[in-house]
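Asker: Got a structure for you, written out below as structure tokens; questions coming shortly.
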Amino acid sequence: MIHAAEAPRSRNHSTPSRGPTRWLCIGARVACLALLLSGPLDAAPRQPTASDIAAIFRSFRADLITLAPDGRHLAYTLREGQHLFLRIVDVDHPETKAIIVVGGQADAGTSRRSGHMAAQVTFLRWVTPARLVYAMSAQNEVRVVDADGKNDRKLVDQNDLEEYLAPSPYYTNPRPPATPQLIIPEAQFIPRPPRVLGLLADDTDAIAVEAIGGQIIKSEVFKVSLSSGKPESLHREYGNTRPRSPFLHDRQAYPRILDYAPEDSQMVTPVRAVQVASQMSGGEPLIPEPRAFHYQPAKESGRWQSLDKFLGQETALSFRHSPAEFYGQRSFPLAFDADPNLLYFASNVGRDTYALYALDLRTRKRTDFAVEDPAFDVVDAGDALTESALVFDRAHRLAGVRLPGLRPTTRWFDPELARIQGALDGLLTERTVKILEWDDARRRVLLLVTSATEPGRYYIYQDGQPGRLTEFLRRAPWLNADRLNRAEPFAFTTPTGVALTGTITLPRVSRLPSPPLLLLCRELPGQGANFGFDRSAQVLADMGFAVAQVNYRGTAGFGARHRDAVKEGYDRIPIEDLRAAVGWIAAHH
């Protein structure tokens, strides 16, 4: 649907001049695309074809990648056409490879274990230098394979972790004079999909796997032997109606935090049904849910209780909130440290942006750990029970924190990794260098290097004098540098004192000597900023336009004041910021 209209009236309601400037809005849900033209369009030398556009939106070749603890082997998923493979490479001899087929029929010369075209690898991690564990979504199974690609075998799947359910009999309640009828439901075995929790601190030959239950069947955590594949039950807990696991486990795989849905949110209303369907399909919830985080002490020593109640009024952090409070001041748990009594959490209570803190659950007090940024939310508002901003080592000790910004970075608490990060930032300037994993000796690290123009490349960095950087894999090798349009972040302050940021993508070939400008607008409220590679902006730049994405007021990720300022006028405030951005871009480009 396309609407063409003149520029909106100014704040004093005077009629704007009828010059050549026009706004072109393209509606998609609530999203808006505004086009500012400086004159009639000339025919572009070459418009992108359907295959050009498909190439930009094509799935990345690699999704998951992991480095062995001794740094000798690299394992990663690789998508080739309709097939998904798992490849294991000897870092020092990259020509030595082992290939495992995960989805689709195997090609000649590789293992012929067939899978599903829609298969995805949801977990990929070395548990020892010689053993790799991976989980597949389509088959709902967890597998283990040796570093040489041999002995690829199943550990457990959803049928191995099934639960026997014998529901209680119940009566119907028909209208009189009919007699109520006793209904005896049929007992059945219900599969429970497995979720790998990670390594166990006290056993290198086992992993912890959660069998995800629900409201009528229990979730259960198993210790699964890597040698025999035999699951040993550790404990069972009832969850609730959330489609994903509602538990946060400690390093010993014991459930310590419950993301509890209050009773009034358990009703399956039409809105709730749509919301659950959205979550189960991988989408974000359509509306915020009521949340109440409950806590239980260490293993076999307590019962579930409200986390706020456990901490007491003196440490009031608002771990329970209603949907209306989602955009207010609140806190939510993130992860446990190797110390089972140290809980990391995010909070904006008493401040503008979300920051990272830690709770000592023995003293029920905050520690002196704090990672704060006055300009950016360190943690996204929807990241409860995730480690998205936290980087742990293999012993689950906190090694660093991912920090957002025009060029995201990582604050390392590990001194060796901090030194390596500084060296890499100096070597790969104007790009985002993300250390993903490292060997136990801190001599070899796995990197992902990206920018607003670069989809991403994986490197191995060998520390030394001098250091050695080796490219191993490109996310999208079909998108060469000469094929992409240059993109860069920007930041400025408007004449009224509003600090704004964004990204501009400049076309390789323009329609006009000065390229026409497209403003690509995000939905409100609450959609976050993106300073990385943007496929939509690249396609529009291929059409000859300069494309700007402005983080106008109402955008999430910049604190409550920036987000909530749009309440003064949802239809006016973003337009004011867009006008200011147009003026700044015209002056600087």
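Labels for the structure tokens follow display order: chains A, B, ..., residues from 1 in each chain, ligands from 1.
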Need to verify the contact set: segment 158-168 of chain A, 12 Å, only C-alpha atoms, exclusion of same-chain residues closer than 2 positions in sequence. Can you return it as an MDAnalysis selection string?

Answerer: chainID A and resid 135:142 154:156 170:171 182:195 209:214 216:224 229:233 236

Asker: From a DSSP calculation on the backbone, collect every residue of segment 292-533 of chain A in helix (DSSP H, G or I) and output the set as a list in words.

Answerer: Leu307, Asp308, Lys309, Phe310, Leu311, Gln313, Glu314, Thr315, Pro323, Ala324, Glu325, Pro415, Glu416, Leu417, Ala418, Arg419, Ile420, Gln421, Gly422, Ala423, Leu424, Asp425, Gly426, Leu427, Ala481, Asp482 and Arg483 of chain A

Asker: So that I can see what lies close to Leu446 of chain A, please list as a PyMOL selection string the residues with an atom at most 12 Å from it, counting only C-alpha atoms and leaving out residues fewer than 3 positions away in the same chain.

Answerer: chain A and resi 64-69+71-76+91+417+420-421+424+433-439+442-443+449+457-463+469-473

Asker: Please, could you write that set of residues out with C-alpha atoms as a CSV table (one decimal), in the first residue's frame?

Answerer:
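Output contents, as saved in selection36.csv:
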chain,number,residue,atom,x,y,z
A,64,LEU,CA,27.1,-21.3,14.7
A,65,ILE,CA,30.8,-21.7,15.2
A,66,THR,CA,32.9,-22.9,18.2
A,67,LEU,CA,36.6,-23.3,19.0
A,68,ALA,CA,37.9,-26.4,20.9
A,69,PRO,CA,39.4,-25.8,24.4
A,71,GLY,CA,42.5,-24.4,20.0
A,72,ARG,CA,43.2,-27.3,17.6
A,73,HIS,CA,39.8,-27.7,16.0
A,74,LEU,CA,37.0,-25.4,14.8
A,75,ALA,CA,33.5,-26.6,14.2
A,76,TYR,CA,30.7,-24.7,12.4
A,91,VAL,CA,42.9,-25.1,12.5
A,417,LEU,CA,41.4,-10.9,26.5
A,420,ILE,CA,44.0,-8.9,22.7
A,421,GLN,CA,40.8,-6.9,22.1
A,424,LEU,CA,42.6,-6.2,17.3
A,433,VAL,CA,35.6,-7.0,16.4
A,434,LYS,CA,33.8,-9.6,18.6
A,435,ILE,CA,35.8,-12.2,20.4
A,436,LEU,CA,33.6,-15.3,20.5
A,437,GLU,CA,35.7,-18.0,22.1
A,438,TRP,CA,39.3,-18.7,23.1
A,439,ASP,CA,41.5,-21.6,24.0
A,442,ARG,CA,44.5,-17.5,25.8
A,443,ARG,CA,46.8,-17.8,22.8
A,449,VAL,CA,34.4,-9.1,12.4
A,457,ARG,CA,33.8,-12.8,8.6
A,458,TYR,CA,35.2,-15.4,11.0
A,459,TYR,CA,38.9,-15.3,11.9
A,460,ILE,CA,41.3,-17.1,14.1
A,461,TYR,CA,43.8,-14.8,15.8
A,462,GLN,CA,47.1,-16.4,17.0
A,463,ASP,CA,48.6,-14.2,19.7
A,469,LEU,CA,45.2,-13.3,11.7
A,470,THR,CA,43.7,-16.0,9.5
A,471,GLU,CA,40.3,-15.7,7.8
A,472,PHE,CA,38.4,-19.0,8.0
A,473,LEU,CA,34.9,-18.3,6.8

Asker: From segment 334-555 of chain A, collect each residue whose DSSP state is strand (DSSP E or B) and return the set as a count of residues only.

Answerer: 89

Asker: Leaving out segment 498-502 of chain A and any residue of its chain fewer than 6 positions from it, which residues lie within 8 Å of it when counting only C-alpha atoms, given as a PyMOL selection string?

Answerer: chain A and resi 406+489-492+529+531+548-552+577

Asker: Mind checking which residues fall within 10 Å of His589 of chain A, counting only C-alpha atoms, ignoring those fewer than 3 positions away in the same chain, and posting them as number ranges by chain?

Answerer: A: 504, 506, 514-515, 546, 584-586

Asker: What lies within 12 Å of Ala481 of chain A using only C-alpha atoms, ignoring chain neighbours under 2 positions off, as a PyMOL selection string?

Answerer: chain A and resi 451+453-456+476-479+483-487+508

Asker: Could you work out how far atom CA of Asn480 of chain A lies from atom CA of Asp63 of chain A, giving the answer in Å with one decimal?

Answerer: 19.0 Å

Asker: Neighbours of segment 347-364 of chain A within 10 Å (only C-alpha atoms; same-chain residues fewer than 6 positions away dropped), as JSON, numbers by chain?

Answerer: {"A": [295, 297, 298, 310, 311, 312, 314, 315, 316, 317, 318, 319, 328, 329, 330, 331, 332, 333, 334, 335, 336, 337, 339, 340, 341, 370, 371, 372, 373, 374, 375, 376, 377, 378, 379, 380, 381, 389, 390, 401, 557, 558, 559, 560, 561, 562]}

Asker: I'd like to know which of A:Thr386, A:Thr204, A:Thr493, A:Ser322 is closest to Ala292 of chain A, using only C-alpha atoms.

Answerer: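 Going through A:Thr386, A:Thr204, A:Thr493, A:Ser322 one by one, the smallest distance to Ala292 of chain A is for A:Ser322.
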
Asker: Hey, which of A:Ile88, A:Ala338, A:Ile257, A:Val127 ends up closest to Ile207 of chain A? Count only C-alpha atoms.

Answerer: A:Val127

Asker: Looking at A:Ala147, A:Val89, A:Ile573, A:Leu398, which one is nearest to Phe413 of chain A, with distances taken over only C-alpha atoms?

Answerer: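 Of all the options, A:Leu398 lies closest to Phe413 of chain A.
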